[in-house]
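Novice: Coordinates in run_8.txt, compact mmCIF, C-alpha atoms, are listed below.
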# COMPACT_ATOMS: atom_id res chain seq x y z
CA MET Z 28 -333.35 47.22 -50.67
CA HIS Z 29 -330.36 48.65 -52.53
CA HIS Z 30 -331.52 50.27 -55.78
CA VAL Z 31 -329.28 49.90 -58.86
CA GLY Z 32 -329.95 52.09 -61.90
CA VAL Z 33 -328.53 51.00 -65.27
CA LEU Z 34 -328.19 53.63 -67.99
CA ALA Z 35 -328.64 52.26 -71.52
CA LEU Z 36 -327.08 54.58 -74.09
CA ASP Z 37 -327.65 54.31 -77.84
CA GLY Z 38 -325.44 51.57 -79.27
CA VAL Z 39 -325.33 49.68 -75.95
CA PHE Z 40 -323.86 46.18 -75.97
CA PRO Z 41 -326.69 43.84 -74.91
CA PHE Z 42 -324.47 41.38 -73.04
CA GLU Z 43 -322.95 44.00 -70.77
CA LEU Z 44 -326.31 45.75 -70.36
CA GLY Z 45 -327.72 42.53 -68.91
CA ILE Z 46 -324.91 41.88 -66.43
CA PRO Z 47 -326.17 44.08 -63.55
CA ALA Z 48 -329.69 42.65 -63.65
CA ARG Z 49 -328.38 39.09 -63.85
CA ILE Z 50 -325.79 39.37 -61.06
CA PHE Z 51 -327.52 41.74 -58.65
CA GLY Z 52 -330.89 40.16 -59.38
CA ALA Z 53 -329.60 36.78 -58.24
CA ALA Z 54 -328.47 38.06 -54.82
CA ARG Z 55 -330.79 36.80 -52.06
CA ASP Z 56 -330.61 36.67 -48.29
CA ASP Z 57 -331.12 33.49 -46.24
CA ALA Z 58 -334.88 33.94 -46.42
CA GLY Z 59 -334.78 34.21 -50.20
CA ASN Z 60 -335.48 37.93 -50.30
CA ARG Z 61 -333.91 40.01 -53.06
CA LEU Z 62 -331.07 42.25 -51.89
CA TYR Z 63 -331.05 44.55 -54.90
CA ARG Z 64 -333.62 46.18 -57.09
CA VAL Z 65 -332.32 46.77 -60.63
CA THR Z 66 -333.98 49.30 -62.94
CA THR Z 67 -332.90 50.20 -66.47
CA CYS Z 68 -333.37 53.63 -68.01
CA SER Z 69 -332.46 55.57 -71.15
CA LEU Z 70 -331.74 59.26 -71.37
CA ASP Z 71 -335.24 60.15 -72.60
CA GLY Z 72 -337.19 57.06 -71.58
CA GLY Z 73 -337.54 55.99 -75.20
CA PRO Z 74 -336.31 52.89 -77.04
CA VAL Z 75 -332.55 52.40 -77.30
CA ARG Z 76 -330.67 51.04 -80.28
CA THR Z 77 -328.28 48.25 -79.37
CA GLU Z 78 -325.04 47.10 -80.92
CA GLY Z 79 -327.06 44.15 -82.21
CA ASP Z 80 -329.84 44.20 -84.80
CA TYR Z 81 -332.61 45.19 -82.40
CA GLU Z 82 -333.81 47.88 -80.02
CA ILE Z 83 -334.78 47.64 -76.37
CA THR Z 84 -337.62 49.42 -74.66
CA VAL Z 85 -337.26 50.80 -71.13
CA ALA Z 86 -339.80 52.26 -68.75
CA HIS Z 87 -337.74 55.06 -67.20
CA ASP Z 88 -335.78 58.12 -68.25
CA ALA Z 89 -332.52 59.41 -66.76
CA ARG Z 90 -334.27 61.08 -63.85
CA LEU Z 91 -334.03 57.63 -62.29
CA LEU Z 92 -330.29 58.16 -61.71
CA ALA Z 93 -330.96 60.85 -59.11
CA ALA Z 94 -332.91 58.37 -56.97
CA VAL Z 95 -330.78 55.20 -56.97
CA ASP Z 96 -327.96 54.00 -54.72
CA THR Z 97 -325.71 52.66 -57.48
CA VAL Z 98 -325.45 53.80 -61.11
CA VAL Z 99 -324.08 51.40 -63.74
CA ILE Z 100 -323.01 52.58 -67.20
CA PRO Z 101 -322.47 49.71 -69.68
CA PRO Z 102 -320.42 50.23 -72.85
CA SER Z 103 -321.83 51.62 -76.07
CA HIS Z 104 -320.76 51.07 -79.65
CA THR Z 105 -321.55 54.67 -80.57
CA LEU Z 106 -319.96 56.92 -77.98
CA GLY Z 107 -319.43 59.58 -80.64
CA PRO Z 108 -318.18 62.89 -79.22
CA ILE Z 109 -317.38 61.24 -75.89
CA ARG Z 110 -314.71 58.97 -77.32
CA GLU Z 111 -313.56 61.29 -80.09
CA GLU Z 112 -313.57 64.66 -78.31
CA GLY Z 113 -313.94 63.84 -74.62
CA ARG Z 114 -317.18 65.84 -74.58
CA LEU Z 115 -320.50 64.76 -73.07
CA PRO Z 116 -323.72 65.54 -74.94
CA ASP Z 117 -325.85 67.92 -72.88
CA PRO Z 118 -328.57 65.39 -71.93
CA LEU Z 119 -325.99 62.93 -70.64
CA ARG Z 120 -324.03 65.62 -68.83
CA GLU Z 121 -327.20 66.82 -67.11
CA ALA Z 122 -328.19 63.28 -66.14
CA LEU Z 123 -324.82 62.59 -64.54
CA ALA Z 124 -324.79 65.95 -62.77
CA ALA Z 125 -328.08 65.04 -61.08
CA ILE Z 126 -326.64 61.93 -59.39
CA ARG Z 127 -326.68 62.39 -55.63
CA PRO Z 128 -323.36 62.78 -53.77
CA GLY Z 129 -322.29 59.48 -52.27
CA THR Z 130 -323.90 57.39 -55.01
CA ARG Z 131 -321.75 54.50 -56.14
CA ILE Z 132 -320.96 54.79 -59.86
CA VAL Z 133 -319.85 51.80 -61.92
CA ALA Z 134 -318.61 51.73 -65.53
CA ILE Z 135 -318.18 48.55 -67.55
CA CYS Z 136 -315.58 48.50 -70.33
CA THR Z 137 -315.79 51.62 -72.52
CA GLY Z 138 -318.42 53.06 -70.22
CA THR Z 139 -315.31 54.38 -68.46
CA TYR Z 140 -315.11 57.08 -71.17
CA VAL Z 141 -318.38 58.51 -69.87
CA LEU Z 142 -317.02 58.83 -66.34
CA ALA Z 143 -313.77 60.35 -67.60
CA ALA Z 144 -315.57 62.92 -69.76
CA ALA Z 145 -317.70 63.85 -66.75
CA GLY Z 146 -314.56 64.58 -64.72
CA LEU Z 147 -315.28 61.73 -62.32
CA LEU Z 148 -311.90 60.07 -62.89
CA ASP Z 149 -309.70 63.10 -62.20
CA GLY Z 150 -306.93 61.86 -59.91
CA ARG Z 151 -308.47 58.39 -59.71
CA SER Z 152 -307.37 54.95 -60.85
CA ALA Z 153 -309.52 53.31 -63.53
CA THR Z 154 -309.44 50.61 -66.17
CA THR Z 155 -311.20 49.77 -69.43
CA HIS Z 156 -310.81 47.31 -72.27
CA TRP Z 157 -307.12 46.90 -73.05
CA ARG Z 158 -307.61 48.06 -76.66
CA GLU Z 159 -308.93 51.40 -75.40
CA ALA Z 160 -306.60 51.99 -72.45
CA ASP Z 161 -303.93 54.01 -74.27
CA ARG Z 162 -306.47 56.23 -75.98
CA LEU Z 163 -308.35 56.81 -72.73
CA GLN Z 164 -305.14 57.82 -70.97
CA ARG Z 165 -304.11 60.18 -73.78
CA MET Z 166 -307.48 61.88 -73.78
CA PHE Z 167 -307.88 62.14 -70.02
CA THR Z 168 -304.43 62.75 -68.60
CA THR Z 169 -305.62 63.38 -65.04
CA ALA Z 170 -306.94 59.83 -64.75
CA ARG Z 171 -304.63 56.94 -63.86
CA VAL Z 172 -305.51 54.23 -66.38
CA ASP Z 173 -304.33 50.70 -65.64
CA PRO Z 174 -304.75 48.39 -68.66
CA ASP Z 175 -303.57 45.26 -66.88
CA VAL Z 176 -306.39 44.54 -64.44
CA LEU Z 177 -309.92 43.14 -64.61
CA PHE Z 178 -311.47 45.85 -62.47
CA ILE Z 179 -310.62 48.67 -60.08
CA ASP Z 180 -312.50 49.61 -56.94
CA ASP Z 181 -311.63 53.23 -56.15
CA GLY Z 182 -314.21 53.81 -53.46
CA GLU Z 183 -317.36 55.36 -54.94
CA ILE Z 184 -316.07 54.94 -58.51
CA LEU Z 185 -315.57 51.43 -59.89
CA THR Z 186 -314.50 50.47 -63.41
CA SER Z 187 -313.98 47.19 -65.24
CA ALA Z 188 -312.26 45.86 -68.33
CA GLY Z 189 -314.13 44.38 -71.27
CA VAL Z 190 -317.13 42.07 -71.43
CA ALA Z 191 -317.00 39.37 -68.74
CA ALA Z 192 -314.88 41.55 -66.46
CA GLY Z 193 -318.17 43.33 -65.76
CA ILE Z 194 -319.36 40.11 -64.14
CA ASP Z 195 -316.25 40.04 -61.96
CA LEU Z 196 -316.84 43.62 -60.87
CA CYS Z 197 -320.52 43.08 -60.04
CA LEU Z 198 -319.65 39.97 -58.02
CA HIS Z 199 -317.00 42.02 -56.23
CA ILE Z 200 -319.66 44.59 -55.32
CA VAL Z 201 -322.01 41.89 -54.00
CA ARG Z 202 -319.15 40.42 -52.00
CA GLY Z 203 -318.33 43.81 -50.51
CA ASP Z 204 -321.97 44.56 -49.71
CA HIS Z 205 -323.06 41.18 -48.35
CA GLY Z 206 -320.08 38.86 -47.95
CA SER Z 207 -318.52 35.95 -49.80
CA ALA Z 208 -321.25 33.41 -49.04
CA ILE Z 209 -323.93 35.38 -50.89
CA ALA Z 210 -321.53 36.31 -53.71
CA ASN Z 211 -320.64 32.63 -54.12
CA ASP Z 212 -324.33 31.71 -54.25
CA VAL Z 213 -324.83 34.30 -56.99
CA ALA Z 214 -321.87 32.88 -58.93
CA ARG Z 215 -323.23 29.34 -58.66
CA SER Z 216 -326.66 30.50 -59.78
CA CYS Z 217 -325.16 32.26 -62.81
CA VAL Z 218 -322.64 29.44 -63.46
CA VAL Z 219 -319.63 31.76 -63.41
CA PRO Z 220 -316.37 31.69 -61.41
CA PRO Z 221 -317.06 33.08 -57.93
CA TRP Z 222 -313.77 34.93 -57.66
CA ARG Z 223 -311.26 36.44 -60.01
CA ASP Z 224 -309.16 39.04 -58.28
CA GLY Z 225 -309.32 42.48 -59.88
CA GLY Z 226 -305.54 42.45 -60.08
CA GLN Z 227 -305.54 39.51 -62.45
CA ALA Z 228 -304.28 40.78 -65.77
CA GLN Z 229 -306.45 41.07 -68.84
CA TYR Z 230 -305.39 38.52 -71.42
CA ILE Z 231 -303.95 40.65 -74.17
CA ARG Z 232 -302.87 39.75 -77.67
CA LEU Z 233 -299.69 41.68 -78.44
CA PRO Z 234 -298.43 42.22 -81.99
CA VAL Z 235 -295.62 40.09 -83.37
CA PRO Z 236 -292.81 42.14 -84.94
CA ASP Z 237 -292.35 42.26 -88.68
CA PRO Z 238 -288.90 40.79 -89.37
CA THR Z 239 -288.59 42.89 -92.54
CA ALA Z 240 -289.10 46.18 -90.70
CA ALA Z 241 -286.33 48.54 -89.72
CA GLY Z 242 -285.00 49.11 -86.21
CA THR Z 243 -285.00 46.28 -83.69
CA ALA Z 244 -287.93 44.35 -85.23
CA PRO Z 245 -285.69 41.77 -86.99
CA THR Z 246 -283.98 41.01 -83.69
CA GLN Z 247 -287.34 40.72 -81.96
CA ALA Z 248 -288.43 38.20 -84.60
CA TRP Z 249 -285.15 36.29 -84.20
CA ALA Z 250 -285.58 36.20 -80.43
CA MET Z 251 -289.11 34.84 -80.83
CA GLU Z 252 -287.62 31.88 -82.69
CA HIS Z 253 -285.15 31.18 -79.86
CA LEU Z 254 -287.22 31.73 -76.73
CA ALA Z 255 -286.34 28.29 -75.32
CA GLU Z 256 -282.63 29.12 -75.47
CA PRO Z 257 -280.59 31.36 -73.16
CA LEU Z 258 -280.91 34.86 -74.58
CA THR Z 259 -278.76 37.64 -73.22
CA LEU Z 260 -278.90 41.34 -73.90
CA ALA Z 261 -275.45 41.09 -75.42
CA ALA Z 262 -276.62 38.37 -77.83
CA MET Z 263 -279.61 40.44 -78.92
CA ALA Z 264 -277.42 43.50 -79.45
CA ALA Z 265 -274.95 41.43 -81.43
CA HIS Z 266 -277.75 40.16 -83.66
CA ALA Z 267 -278.76 43.77 -84.29
CA ASN Z 268 -275.09 44.60 -84.97
CA VAL Z 269 -275.04 47.49 -82.50
CA SER Z 270 -273.69 48.06 -79.03
CA VAL Z 271 -275.67 46.99 -75.98
CA ARG Z 272 -276.24 50.61 -75.03
CA THR Z 273 -277.50 51.58 -78.49
CA PHE Z 274 -279.69 48.49 -78.77
CA THR Z 275 -281.26 49.09 -75.36
CA ARG Z 276 -281.98 52.73 -76.19
CA ARG Z 277 -283.50 51.93 -79.58
CA PHE Z 278 -285.46 48.98 -78.25
CA ARG Z 279 -287.04 50.99 -75.44
CA ALA Z 280 -287.90 53.84 -77.83
CA GLU Z 281 -289.61 51.45 -80.26
CA VAL Z 282 -291.29 49.01 -77.87
CA GLY Z 283 -291.84 51.05 -74.73
CA MET Z 284 -290.08 48.63 -72.40
CA SER Z 285 -286.62 47.20 -71.84
CA PRO Z 286 -285.42 44.14 -73.81
CA GLY Z 287 -285.48 42.09 -70.60
CA GLN Z 288 -289.09 43.02 -69.84
CA TRP Z 289 -290.09 42.30 -73.44
CA LEU Z 290 -288.36 38.91 -73.38
CA ILE Z 291 -290.18 37.87 -70.20
CA ARG Z 292 -293.52 38.85 -71.72
CA ARG Z 293 -292.84 36.90 -74.90
CA ARG Z 294 -291.87 33.85 -72.85
CA VAL Z 295 -295.02 34.20 -70.76
CA ASP Z 296 -297.04 34.40 -73.99
CA LEU Z 297 -295.41 31.21 -75.29
CA ALA Z 298 -296.01 29.47 -71.95
CA ARG Z 299 -299.67 30.47 -72.12
CA HIS Z 300 -299.95 29.04 -75.62
CA LEU Z 301 -298.41 25.75 -74.50
CA LEU Z 302 -300.64 25.55 -71.44
CA GLU Z 303 -303.67 26.03 -73.68
CA THR Z 304 -302.73 23.64 -76.45
CA THR Z 305 -300.74 20.79 -74.86
CA ASP Z 306 -300.95 18.37 -71.94
CA TRP Z 307 -297.29 18.93 -71.10
CA PRO Z 308 -296.32 19.10 -67.43
CA VAL Z 309 -295.61 22.55 -66.06
CA ASP Z 310 -291.87 21.87 -65.86
CA LEU Z 311 -291.76 20.95 -69.58
CA VAL Z 312 -293.78 24.03 -70.51
CA ALA Z 313 -291.35 26.12 -68.47
CA ASP Z 314 -288.36 24.59 -70.26
CA ARG Z 315 -289.82 25.06 -73.76
CA ALA Z 316 -290.77 28.66 -72.95
CA GLY Z 317 -287.26 29.50 -71.76
CA PHE Z 318 -287.96 29.77 -68.03
CA GLY Z 319 -285.96 26.67 -67.17
CA THR Z 320 -287.95 25.54 -64.14
CA GLY Z 321 -291.57 25.31 -63.12
CA VAL Z 322 -290.83 27.53 -60.14
CA SER Z 323 -289.58 30.28 -62.43
CA LEU Z 324 -292.62 29.94 -64.69
CA ARG Z 325 -295.01 30.12 -61.73
CA THR Z 326 -293.26 33.23 -60.45
CA HIS Z 327 -293.39 35.07 -63.77
CA LEU Z 328 -296.94 33.97 -64.60
CA HIS Z 329 -298.16 35.18 -61.22
CA THR Z 330 -296.28 38.47 -61.59
CA THR Z 331 -297.55 39.06 -65.12
CA LEU Z 332 -301.10 37.68 -64.98
CA GLY Z 333 -301.82 37.19 -61.29
CA THR Z 334 -302.59 33.48 -61.76
CA THR Z 335 -300.91 30.05 -61.72
CA PRO Z 336 -300.13 27.71 -64.62
CA GLN Z 337 -302.79 25.21 -63.57
CA ALA Z 338 -305.42 27.89 -63.01
CA TYR Z 339 -304.63 29.40 -66.40
CA ARG Z 340 -304.89 26.00 -68.07
CA ARG Z 341 -308.25 25.30 -66.44
CA THR Z 342 -309.57 28.65 -67.67
CA PHE Z 343 -308.46 28.39 -71.28
CA ARG Z 344 -307.93 24.72 -72.10
CA PRO Z 345 -310.98 23.34 -73.95
CA THR Z 346 -312.33 20.07 -72.61
CA PRO Z 347 -312.99 17.10 -74.94
CA ASP Z 348 -316.73 17.11 -74.36
CA THR Z 349 -317.19 20.69 -75.57
CA GLY Z 350 -316.13 20.06 -79.15
CA ASP Z 351 -313.88 23.11 -78.93
CA HIS Z 352 -310.80 20.88 -79.05
CA LEU Z 353 -311.45 20.43 -82.75
CA THR Z 354 -310.55 24.07 -83.37
CA ARG Z 355 -307.23 24.06 -81.56
CA GLU Z 356 -304.00 22.21 -82.09
CA SER Z 357 -300.51 22.31 -80.73
CA ARG Z 358 -298.10 24.26 -82.91
CA PRO Z 359 -294.34 24.71 -82.76
CA ALA Z 360 -292.98 27.99 -81.49
CA SER Z 361 -292.07 29.07 -85.00
CA GLU Z 362 -295.74 29.01 -86.04
CA TRP Z 363 -296.91 30.38 -82.72
CA ALA Z 364 -294.61 33.38 -83.19
CA ALA Z 365 -296.60 34.33 -86.26
CA GLY Z 366 -299.52 35.47 -84.19
CA ALA Z 367 -300.52 33.39 -81.20
CA GLY Z 368 -301.49 34.62 -77.77
CA ALA Z 369 -304.61 34.50 -75.66
CA GLU Z 370 -307.09 37.31 -76.02
CA ARG Z 371 -309.61 37.79 -73.28
CA GLY Z 372 -313.07 38.54 -74.59
CA GLY Z 373 -314.33 40.99 -77.18
CA MET Z 374 -314.33 44.71 -76.93
CA GLY Z 375 -317.27 46.47 -75.39
Any chance you could give the structure as structure tokens?
Specialist:
Amino acid sequence: MHHVGVLALDGVFPFELGIPARIFGAARDDAGNRLYRVTTCSLDGGPVRTEGDYEITVAHDARLLAAVDTVVIPPSHTLGPIREEGRLPDPLREALAAIRPGTRIVAICTGTYVLAAAGLLDGRSATTHWREADRLQRMFTTARVDPDVLFIDDGEILTSAGVAAGIDLCLHIVRGDHGSAIANDVARSCVVPPWRDGGQAQYIRLPVPDPTAAGTAPTQAWAMEHLAEPLTLAAMAAHANVSVRTFTRRFRAEVGMSPGQWLIRRRVDLARHLLETTDWPVDLVADRAGFGTGVSLRTHLHTTLGTTPQAYRRTFRPTPDTGDHLTRESRPASEWAAGAGAERGGMG
């Protein structure tokens, strides 16, 4: 039986802490036998404060990590010197150093900081919650941080984005260990989607420019009001009253991408909003978002998010029997531009 050890650090998020036990614990063979044994530990074997208003008690200390086949590190609300200085406290450093070579190590959300501070991400690809990705990359320059995916499997080191992406990663591990049939059974038991490809983008809320700011922000705000219309680089430069070359240079310096890339992302964001809040056909959504045709929308949505318009709508559109439809309404693009966009999950 494959032994999974889960390390609960002070400030642990209870939801993510419970994911390994729930997913791996539901994996059974055809005879109904458990395929994984999941054990939780703390550094000293004592109670652990959670991000909630309670503590948890565990029966093992961190010596457990030297005896298991897979180590899972959920996120913590109080990473302290790890997140601020990139430095592991001695007890945690010693616990990680005792892990046997060849052990699979998994980090969920900001648990990735722990792996990075331990030097386990040097030269490797990794992900974390999108809010933390830039900071993680700045602190640990030898890691290759990808903020646009749900999870990354880099052999013995696996990392996931925030909250429910930990479920996706654990299902991916079950699928790799025992095949799709068992992983699908686990998903049905836990009432979660059986498959979301790790390459599917995290759903990120991006800031809307302040039209009163200097630089290219007023032109960005103007473009947001005209996404359904043909918008050329020349038209955007003319609105900013500068040459195309100057506008492109300033825009890239301020935003970090070209005007064309930014425009596609804003149109994708608007399309997402319309898919969530209206019953419009895909072709109409594409037209109102400035893509012109449903084919173009499908292409850009797949490129940007790794999904289709219908799949996105099924994921985010509330159904009438949930009551959630009372909290959402369709809004014109002018109101949407003031702050809409789909955000995937909370930050762990």
Novice: Which one of Z:Ile50, Z:Val33, Z:Val99, Z:Leu62 sits closest to His87 (chain Z) if you count all atoms listed in the file?
Specialist: Z:Val33
Novice: With a distance cut-off of 7 Å and all atoms listed in the file, select the neighbouring residues of region 181-190 of chain Z, excluding the residue or stretch itself and same-chain residues fewer than 2 positions from it, and output the selection as a PyMOL selection string.
Specialist: chain Z and resi 43+129-136+139+152-156+177-179+192-193+196+372-375
Novice: Write out as a PyMOL selection string the residues lying within 12 Å of region 276-292 of chain Z, counting all atoms listed in the file and excluding same-chain residues fewer than 6 positions away.
Specialist: chain Z and resi 230-236+240-264+267+269-270+298-299+313+316-318+323-324+326-328+330-332+368
Novice: Identify, on the basis of all atoms listed in the file, every residue whose closest approach to Arg162 (chain Z) does not exceed 10 Å; exclude the query and any residue fewer than 2 positions from it along the same chain; express the result as a VMD selection string.
Specialist: chain Z and resid 110 to 111 140 157 to 160 164 to 167 172
Novice: Take the residues from that selection and write them out as an mmCIF file, in the frame of the given file, keeping C-alpha atoms.
Specialist:
data_model
loop_
_atom_site.group_PDB
_atom_site.id
_atom_site.type_symbol
_atom_site.label_atom_id
_atom_site.label_comp_id
_atom_site.auth_asym_id
_atom_site.auth_seq_id
_atom_site.Cartn_x
_atom_site.Cartn_y
_atom_site.Cartn_z
ATOM 1 C CA ARG Z 110 -314.710 58.970 -77.320
ATOM 2 C CA GLU Z 111 -313.560 61.290 -80.090
ATOM 3 C CA TYR Z 140 -315.110 57.080 -71.170
ATOM 4 C CA TRP Z 157 -307.120 46.900 -73.050
ATOM 5 C CA ARG Z 158 -307.610 48.060 -76.660
ATOM 6 C CA GLU Z 159 -308.930 51.400 -75.400
ATOM 7 C CA ALA Z 160 -306.600 51.990 -72.450
ATOM 8 C CA GLN Z 164 -305.140 57.820 -70.970
ATOM 9 C CA ARG Z 165 -304.110 60.180 -73.780
ATOM 10 C CA MET Z 166 -307.480 61.880 -73.780
ATOM 11 C CA PHE Z 167 -307.880 62.140 -70.020
ATOM 12 C CA VAL Z 172 -305.510 54.230 -66.380
#
Novice: In the coordinate frame of the file, compute which residues have an atom within 12 Å of (-335.5, 49.0, -76.2) when using all atoms listed in the file, and state them as an NGL selection string.
Specialist: :Z and (34-41 or 44 or 67-87)
Novice: Grab the CA of Ile46 (chain Z) to CA of Ile100 (chain Z) distance for me, in Å with one decimal place.
Specialist: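 It comes out at 10.9 Å.
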Novice: Between CA of Ile194 (chain Z) and CA of Thr137 (chain Z), what is the distance in Å, rounded to a tenth?
Specialist: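 Between these atoms lies a distance of 14.7 Å.
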Novice: Contacts of Arg120 (chain Z) at 12 Å or less, counting all atoms listed in the file, minus same-chain residues fewer than 3 places along, as a PyMOL selection string?
Specialist: chain Z and resi 70+89+109+113-117+123-126+141-147
Novice: With distances taken over only C-alpha atoms, which of Z:Ala228, Z:Asn268, Z:Pro220, Z:Tyr63 is nearest to Asp175 (chain Z)?
Specialist: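 That would be Z:Ala228, the residue with the smallest distance to Asp175 (chain Z).
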Novice: Kindly give the distance, in Å, that separates CA of Thr169 (chain Z) and CA of Asp149 (chain Z), rounded to a single decimal.
Specialist: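 Between CA of Thr169 (chain Z) and CA of Asp149 (chain Z) the gap works out to 5.0 Å.
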Novice: Could you check the closest approach to His29 (chain Z) for each of Z:Asp180, Z:Asp88, Z:Pro128, Z:Asp204 and tell me which residue wins, using only C-alpha atoms?
Specialist: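 That would be Z:Asp204, the residue with the smallest distance to His29 (chain Z).
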Novice: Nearest to Leu302 (chain Z): which of Z:Gln337, Z:Thr105, Z:Thr168, Z:Thr273 is it, counting all atoms listed in the file?
Specialist: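 Using all atoms listed in the file, Leu302 (chain Z) sits closest to Z:Gln337.
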Novice: Calculated over all atoms listed in the file, which of the candidates Z:Ala48, Z:Cys197, Z:Val176, Z:Leu297 has the smallest distance to Pro221 (chain Z)?
Specialist: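 Closest to Pro221 (chain Z), using all atoms listed in the file: Z:Cys197.
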Novice: Excluding Ala53 (chain Z) and its own-chain neighbours fewer than 3 positions away, which residues fall within 12 Å of it when counting only C-alpha atoms? Please give them as number ranges by chain.
Specialist: Z: 46-50, 56, 59-65, 197-198, 201, 209-218
Novice: Show me that you can extract region 322-338 of chain Z, keeping N, CA and C atoms, and write it as a PDB file, in the first residue's frame.
Specialist:
ATOM      1  N   VAL Z 322     -15.760  30.581 -34.189  1.00  0.00           N
ATOM      2  CA  VAL Z 322     -14.511  29.849 -34.414  1.00  0.00           C
ATOM      3  C   VAL Z 322     -13.341  30.607 -33.810  1.00  0.00           C
ATOM      4  N   SER Z 323     -13.313  31.918 -34.030  1.00  0.00           N
ATOM      5  CA  SER Z 323     -12.234  32.732 -33.474  1.00  0.00           C
ATOM      6  C   SER Z 323     -12.270  32.713 -31.955  1.00  0.00           C
ATOM      7  N   LEU Z 324     -13.464  32.828 -31.368  1.00  0.00           N
ATOM      8  CA  LEU Z 324     -13.583  32.786 -29.912  1.00  0.00           C
ATOM      9  C   LEU Z 324     -13.094  31.450 -29.375  1.00  0.00           C
ATOM     10  N   ARG Z 325     -13.498  30.360 -29.991  1.00  0.00           N
ATOM     11  CA  ARG Z 325     -13.068  29.035 -29.520  1.00  0.00           C
ATOM     12  C   ARG Z 325     -11.550  28.911 -29.566  1.00  0.00           C
ATOM     13  N   THR Z 326     -10.966  29.419 -30.644  1.00  0.00           N
ATOM     14  CA  THR Z 326      -9.511  29.339 -30.778  1.00  0.00           C
ATOM     15  C   THR Z 326      -8.811  30.104 -29.669  1.00  0.00           C
ATOM     16  N   HIS Z 327      -9.243  31.343 -29.433  1.00  0.00           N
ATOM     17  CA  HIS Z 327      -8.575  32.174 -28.425  1.00  0.00           C
ATOM     18  C   HIS Z 327      -8.864  31.684 -27.009  1.00  0.00           C
ATOM     19  N   LEU Z 328     -10.075  31.187 -26.746  1.00  0.00           N
ATOM     20  CA  LEU Z 328     -10.378  30.681 -25.415  1.00  0.00           C
ATOM     21  C   LEU Z 328      -9.555  29.431 -25.114  1.00  0.00           C
ATOM     22  N   HIS Z 329      -9.393  28.586 -26.111  1.00  0.00           N
ATOM     23  CA  HIS Z 329      -8.590  27.384 -25.908  1.00  0.00           C
ATOM     24  C   HIS Z 329      -7.118  27.745 -25.705  1.00  0.00           C
ATOM     25  N   THR Z 330      -6.636  28.708 -26.490  1.00  0.00           N
ATOM     26  CA  THR Z 330      -5.239  29.126 -26.353  1.00  0.00           C
ATOM     27  C   THR Z 330      -4.977  29.760 -24.991  1.00  0.00           C
ATOM     28  N   THR Z 331      -5.919  30.579 -24.530  1.00  0.00           N
ATOM     29  CA  THR Z 331      -5.724  31.330 -23.297  1.00  0.00           C
ATOM     30  C   THR Z 331      -6.028  30.507 -22.050  1.00  0.00           C
ATOM     31  N   LEU Z 332      -7.123  29.737 -22.078  1.00  0.00           N
ATOM     32  CA  LEU Z 332      -7.571  29.028 -20.883  1.00  0.00           C
ATOM     33  C   LEU Z 332      -7.517  27.509 -21.008  1.00  0.00           C
ATOM     34  N   GLY Z 333      -7.301  27.005 -22.215  1.00  0.00           N
ATOM     35  CA  GLY Z 333      -7.261  25.566 -22.392  1.00  0.00           C
ATOM     36  C   GLY Z 333      -8.625  24.917 -22.282  1.00  0.00           C
ATOM     37  N   THR Z 334      -9.697  25.647 -22.605  1.00  0.00           N
ATOM     38  CA  THR Z 334     -11.038  25.096 -22.509  1.00  0.00           C
ATOM     39  C   THR Z 334     -11.889  25.637 -23.651  1.00  0.00           C
ATOM     40  N   THR Z 335     -13.140  25.194 -23.747  1.00  0.00           N
ATOM     41  CA  THR Z 335     -14.058  25.627 -24.794  1.00  0.00           C
ATOM     42  C   THR Z 335     -15.127  26.540 -24.205  1.00  0.00           C
ATOM     43  N   PRO Z 336     -15.820  27.319 -25.044  1.00  0.00           N
ATOM     44  CA  PRO Z 336     -16.879  28.173 -24.505  1.00  0.00           C
ATOM     45  C   PRO Z 336     -17.946  27.404 -23.731  1.00  0.00           C
ATOM     46  N   GLN Z 337     -18.384  26.269 -24.266  1.00  0.00           N
ATOM     47  CA  GLN Z 337     -19.431  25.513 -23.590  1.00  0.00           C
ATOM     48  C   GLN Z 337     -18.929  24.917 -22.279  1.00  0.00           C
ATOM     49  N   ALA Z 338     -17.688  24.418 -22.287  1.00  0.00           N
ATOM     50  CA  ALA Z 338     -17.142  23.852 -21.051  1.00  0.00           C
ATOM     51  C   ALA Z 338     -16.973  24.944 -20.003  1.00  0.00           C
TER      52      ALA Z 338
END
